[in-house]
Amino acid sequence: MNIIVCVKQVPDTMDVKIDPVTKNLIREGIEGVINPFDKNAIEEAVKIKDEYGGKVTAISMGPPQFKESLKEALAMGVDEAILISDRAFAGADTLATSYVLAEAIKKIGNYDLIFCGKHAVDADTGQVGPEIAERLGIPQITFVKSLKLENDAVVAERLLEDAVEKVTVKLPAVITTTKELNEPRYPSPIKIMKAARKEIPIWSASELNADPEQIGLKGSPTQVVDIFTPEKTTEVEMIQGTAEEIANTLFEKLREKKVL
Amino acid sequence: MNFELTEEQKMIRKMVREFTEKEVAPRDEEMDRTGEFPYDIMKKMAENGLFGIPYPEEYGGAGADSVCGVITIEELAKGSASVALTLDAHWLAVDAINLFGNEEQKKKYLTPALTGEKIAAFSLTEPVAGSDAAAIQATAELDGDEWVLNGTKAFVTNGDAADIYVIAVKTDKSKGVKGISTFIVEKGSPGFSIGKKEDKMGCRGSITTELILKDCRVPKENLLGKEGEGFKIAMVALDGGRMHVGAMAVGLAEAAKDIAVKYAKERYAFGQPIGNFQAVQFMIADMEMEIEATRLMVYKTATLRDKKIRYSKEAAMVKVFGSEMAMKTAKNAIQILGGYGYTRDYAPERLLRDAKLLEIGEGASEVLRMVIGSTVLRSK
């Protein structure tokens, strides 16, 4: 079983700040971590490898510091890690990102399963996984909460808003993972020692023979026109009355605001 | 000189930090309340390789350096001084076996200790002899192929929880420290039993007991190092232990500081957060300075250890400086929290009780100041 896991490094904070001029995320002083759902993807890939044998390769497109997350993936049990990094990739939207990742996946070749987190917690699009499947022309199962392999097929349960859908597809396939799928392991100290010393290969645009029209800003039809932190307002309204009246008023107000 | 952590040191720190935040810290209050030893946390630590981080890979360790070792203790201590203390005491015994054990002893005892399959403990102190180690009274006599141990050992951290005990006793009563030898004793050996469990003031999630040796028979081959080498073994092991106590002090004080800082920003008095007042700021400034100073001393000590340079004086210094710093930091955290700080609803009072142990165990401040002072005077 050859498995590829797509990993993204995201800022380790609940309080994302945006530079008002450049409209980019302010990354200074904020540590990068593996996107939480990608950790579920890594866990599932390593679990399958432990059971069925094979090899897990983690890939990530991003600046050189994304190596940290790839090393953590290695310390969690991934066998190989490749950083896909080139200034030419900068400014990529999901379409350009999925193009580059799909090209890298083709270059690795001979894959049975591709795992992605269901979405990244920084940009929240959830598009890259499905786009990779489209570009490779293979089936996909998104929002997976449980998964098992049966011969040359994968049977998965999808976590939908009000239902669970059970789907079977033939391998190879793309799976996007939810946090319900598993409990990601901690990196192991022994593997940390090996991962820290491992050289992570970097693939550039030329190594992928990437079409310059399809990468970076040029390959990105999505233009971010503006991005801002919504202003937080707090309005406090004191509800008066007897306990019962207060409860009723509160209930009505919450219903009006569609909280309930 | 380079103050940057290496990539592996950073990765170990991140891993232990995550483990502590999720598995250890949420349990500390309960451990303090019940006084129960957290066997389940130990199991998780074993599963995740925390028992062997700074020890050789060939015996089941991770092969990391001593800086990774102190980082491990520091991070654990942020969540629970008790759990950090358990690992510190485990590593005391591990150091003794790793540095003085023969190949068979290492295979038999070091490997399960590093994988965490078995917990280890180290025992020198007796009811009548602590700082004055030469005055210990427990004995061992050779009887055929076995050593027969007799006596009572006191304040054994990990007592009862441990399966492997490194115990120092007298094999020659006519000699002082030169008459001391150390033995590896397995729990369940004939004549070995656990005595009183201490009802401690702090670090209540770590277990401290007496050991009772009554014609306790251990195989001849369980003598660790040479006969008469026991005091040296104990002192070398305690150098490591004292360094780790310094690391515990850093972690514990960080935890106290974090609570104090959070409170100082949230608590209002006279129309503003109390952190705006210099009286509070100065306490926080002292915390920050002294924690950082201790941390640098601890990391430097670990670097000396990695370079195989003797670090007895440095270990004594971080132990004294660190433990007293942790006491002061926890005390001032209580002060910043005011009335709330004096209650069991907030952690600082627990941290103060935990910190007090650091000034006593593994060499009291007084005896360590003697070590530091005499070393300085000898060298000038």
# chains A, B, ... in the order shown; residues from 1 in each chain; ligands from 1
call {"tool": "residues_around", "arguments": {"residues": "region 216-227 of chain A", "least_positions_apart": "5", "cutoff": "10 Å", "atoms": "only C-alpha atoms", "output": "MDAnalysis selection string"}}
result
chainID A and resid 18:25 86:97 99:100 211
call {"tool": "select_by_dssp", "arguments": {"residues": "region 15-203 of chain B", "states": "alpha helix (DSSP H)", "output": "ChimeraX atom specification"}}
result
/B:15-19,28-34,39-47,66-79,81-100,103-105,111-115
call {"tool": "residues_around", "arguments": {"residues": "region 159-167 of chain A", "least_positions_apart": "4", "cutoff": "12 Å", "atoms": "only C-alpha atoms", "output": "list in words"}}
result
Lys118, Pro139, Gln140, Ile141, Thr142, Phe143, Val144, Lys145, Ser146, Leu147, Lys148, Leu149, Ala153, Val154, Val155, Ala173, Ile175, Thr176, Thr177, Thr178, Lys179, Glu180 and Leu181 of chain A
call {"tool": "write_last_selection", "arguments": {"atoms": "N, CA and C atoms", "output": "short mmCIF file (atom, residue, chain, number, x, y, z; two decimals), in the first residue's frame"}}
result
data_model
loop_
_atom_site.label_atom_id
_atom_site.label_comp_id
_atom_site.auth_asym_id
_atom_site.auth_seq_id
_atom_site.Cartn_x
_atom_site.Cartn_y
_atom_site.Cartn_z
N LYS A 118 -9.57 17.57 5.81
CA LYS A 118 -10.80 18.02 5.13
C LYS A 118 -10.74 19.50 4.75
N PRO A 139 -11.28 8.58 -7.97
CA PRO A 139 -12.39 8.89 -7.06
C PRO A 139 -11.93 9.55 -5.77
N GLN A 140 -12.88 10.20 -5.12
CA GLN A 140 -12.58 10.86 -3.84
C GLN A 140 -13.69 10.61 -2.84
N ILE A 141 -13.31 10.52 -1.58
CA ILE A 141 -14.30 10.50 -0.51
C ILE A 141 -13.89 11.59 0.48
N THR A 142 -14.78 12.56 0.66
CA THR A 142 -14.46 13.68 1.55
C THR A 142 -15.10 13.49 2.92
N PHE A 143 -14.62 14.24 3.89
CA PHE A 143 -15.15 14.25 5.28
C PHE A 143 -15.23 12.85 5.89
N VAL A 144 -14.16 12.09 5.76
CA VAL A 144 -14.22 10.68 6.20
C VAL A 144 -14.07 10.58 7.71
N LYS A 145 -15.00 9.83 8.33
CA LYS A 145 -14.92 9.63 9.78
C LYS A 145 -14.54 8.20 10.16
N SER A 146 -14.68 7.26 9.20
CA SER A 146 -14.16 5.91 9.44
C SER A 146 -13.84 5.30 8.09
N LEU A 147 -12.93 4.37 8.12
CA LEU A 147 -12.41 3.90 6.83
C LEU A 147 -11.89 2.48 6.99
N LYS A 148 -12.24 1.62 6.00
CA LYS A 148 -11.53 0.33 5.98
C LYS A 148 -11.28 -0.13 4.55
N LEU A 149 -10.25 -0.94 4.44
CA LEU A 149 -9.85 -1.41 3.12
C LEU A 149 -10.44 -2.79 2.87
N ALA A 153 -10.57 -1.95 -2.80
CA ALA A 153 -11.52 -0.85 -2.61
C ALA A 153 -11.38 -0.29 -1.19
N VAL A 154 -11.90 0.91 -1.04
CA VAL A 154 -11.95 1.50 0.29
C VAL A 154 -13.41 1.82 0.63
N VAL A 155 -13.79 1.41 1.83
CA VAL A 155 -15.14 1.67 2.30
C VAL A 155 -15.03 2.74 3.39
N ALA A 173 -7.54 6.26 -4.64
CA ALA A 173 -8.56 7.26 -4.32
C ALA A 173 -7.99 8.34 -3.41
N ILE A 175 -8.77 10.64 -0.12
CA ILE A 175 -9.60 10.66 1.09
C ILE A 175 -9.32 11.97 1.82
N THR A 176 -10.37 12.70 2.22
CA THR A 176 -10.13 13.84 3.11
C THR A 176 -10.68 13.52 4.49
N THR A 177 -9.91 13.88 5.50
CA THR A 177 -10.12 13.34 6.85
C THR A 177 -10.73 14.36 7.81
N THR A 178 -11.57 13.85 8.71
CA THR A 178 -12.12 14.68 9.80
C THR A 178 -11.42 14.30 11.09
N LYS A 179 -11.65 15.08 12.14
CA LYS A 179 -10.99 14.76 13.40
C LYS A 179 -11.63 13.54 14.08
N GLU A 180 -12.83 13.20 13.62
CA GLU A 180 -13.51 12.02 14.18
C GLU A 180 -12.86 10.71 13.73
N LEU A 181 -12.02 10.79 12.69
CA LEU A 181 -11.46 9.56 12.11
C LEU A 181 -10.56 8.82 13.07
#
call {"tool": "interface_residues", "arguments": {"of": "chain B", "to": "chain A", "cutoff": "7 Å", "atoms": "only C-alpha atoms", "output": "list in words"}}
result
Glu7, Glu8, Met11, Ile12, Met15, Asn48, Gly49, Ile53, Ala62 and Ala64 of chain B
call {"tool": "write_last_selection", "arguments": {"atoms": "N, CA, C and O atoms", "output": "compact mmCIF listing (two decimals), in the first residue's frame"}}
result
# COMPACT_ATOMS: atom_id res chain seq x y z
N GLU B 7 17.52 21.39 16.16
CA GLU B 7 16.24 20.97 15.62
C GLU B 7 15.60 19.86 16.46
O GLU B 7 14.41 19.89 16.78
N GLU B 8 16.43 18.87 16.86
CA GLU B 8 15.85 17.77 17.65
C GLU B 8 15.43 18.24 19.04
O GLU B 8 14.41 17.79 19.56
N MET B 11 12.14 19.83 18.61
CA MET B 11 11.08 18.84 18.35
C MET B 11 10.70 18.05 19.60
O MET B 11 9.53 17.77 19.85
N ILE B 12 11.72 17.72 20.41
CA ILE B 12 11.44 17.02 21.68
C ILE B 12 10.61 17.93 22.58
O ILE B 12 9.62 17.52 23.19
N MET B 15 7.05 18.05 21.40
CA MET B 15 6.35 16.78 21.65
C MET B 15 5.98 16.65 23.14
O MET B 15 4.85 16.34 23.49
N ASN B 48 4.78 6.34 24.73
CA ASN B 48 5.27 7.43 23.88
C ASN B 48 6.77 7.70 24.04
O ASN B 48 7.26 8.73 23.60
N GLY B 49 7.46 6.77 24.66
CA GLY B 49 8.92 6.84 24.68
C GLY B 49 9.52 7.91 25.57
O GLY B 49 10.67 8.29 25.38
N ILE B 53 14.35 9.13 26.75
CA ILE B 53 14.77 10.17 25.80
C ILE B 53 16.30 10.41 25.77
O ILE B 53 16.91 10.26 24.73
N ALA B 62 16.11 6.94 23.28
CA ALA B 62 15.97 7.63 21.99
C ALA B 62 17.32 8.13 21.50
O ALA B 62 17.44 8.60 20.37
N ALA B 64 18.91 10.76 22.54
CA ALA B 64 18.99 12.22 22.53
C ALA B 64 20.02 12.68 23.57
O ALA B 64 20.46 11.88 24.40
call {"tool": "residues_around", "arguments": {"residues": "Thr139 (chain B)", "least_positions_apart": "3", "cutoff": "9 Å", "atoms": "only C-alpha atoms", "output": "PyMOL selection string"}}
result
chain B and resi 136+148-151+168-173+180
call {"tool": "write_last_selection", "arguments": {"atoms": "N, CA and C atoms", "output": "compact mmCIF listing (two decimals), in the first residue's frame"}}
result
# COMPACT_ATOMS: atom_id res chain seq x y z
N ILE B 136 24.90 5.87 56.99
CA ILE B 136 23.84 4.88 56.75
C ILE B 136 24.17 3.58 57.48
N VAL B 148 23.08 -10.63 51.22
CA VAL B 148 21.93 -10.56 52.13
C VAL B 148 21.88 -9.14 52.70
N LEU B 149 20.80 -8.43 52.35
CA LEU B 149 20.66 -7.02 52.73
C LEU B 149 19.75 -6.87 53.94
N ASN B 150 20.14 -6.00 54.87
CA ASN B 150 19.32 -5.72 56.04
C ASN B 150 19.31 -4.22 56.33
N GLY B 151 18.15 -3.73 56.72
CA GLY B 151 18.06 -2.33 57.10
C GLY B 151 16.77 -1.70 56.61
N ALA B 168 21.77 1.71 48.07
CA ALA B 168 23.11 1.83 48.64
C ALA B 168 23.09 1.36 50.09
N VAL B 169 23.99 0.44 50.43
CA VAL B 169 24.10 -0.06 51.81
C VAL B 169 25.59 -0.23 52.15
N LYS B 170 25.86 -0.51 53.42
CA LYS B 170 27.25 -0.72 53.84
C LYS B 170 27.64 -2.19 53.63
N THR B 171 28.74 -2.39 52.91
CA THR B 171 29.28 -3.75 52.85
C THR B 171 30.49 -3.88 53.78
N ASP B 172 30.96 -2.72 54.28
CA ASP B 172 32.06 -2.74 55.25
C ASP B 172 31.80 -1.64 56.27
N LYS B 173 31.31 -2.07 57.43
CA LYS B 173 30.90 -1.09 58.44
C LYS B 173 32.09 -0.37 59.07
N ILE B 180 30.55 1.76 51.42
CA ILE B 180 29.20 1.70 50.83
C ILE B 180 29.25 1.03 49.45
call {"tool": "atom_distance", "arguments": {"atom1": "CA of Gly251 (chain B)", "atom2": "CA of Lys78 (chain B)"}}
result
4.4 Å
call {"tool": "residues_around", "arguments": {"residues": "Leu110 (chain B)", "least_positions_apart": "2", "cutoff": "8 Å", "atoms": "only C-alpha atoms", "output": "list in words"}}
result
Tyr59, Val94, Ile97, Asn98, Gln105, Lys106, Lys107, Lys108, Pro112, Ala113 and Leu114 of chain B
call {"tool": "closest_residue", "arguments": {"among": "A:Gly32, A:Gly126, A:Pro212, A:Pro184", "to": "Phe66 (chain A)", "atoms": "only C-alpha atoms"}}
result
A:Gly32
call {"tool": "atom_distance", "arguments": {"atom1": "CA of Met287 (chain B)", "atom2": "CA of Met325 (chain B)"}}
result
8.0 Å
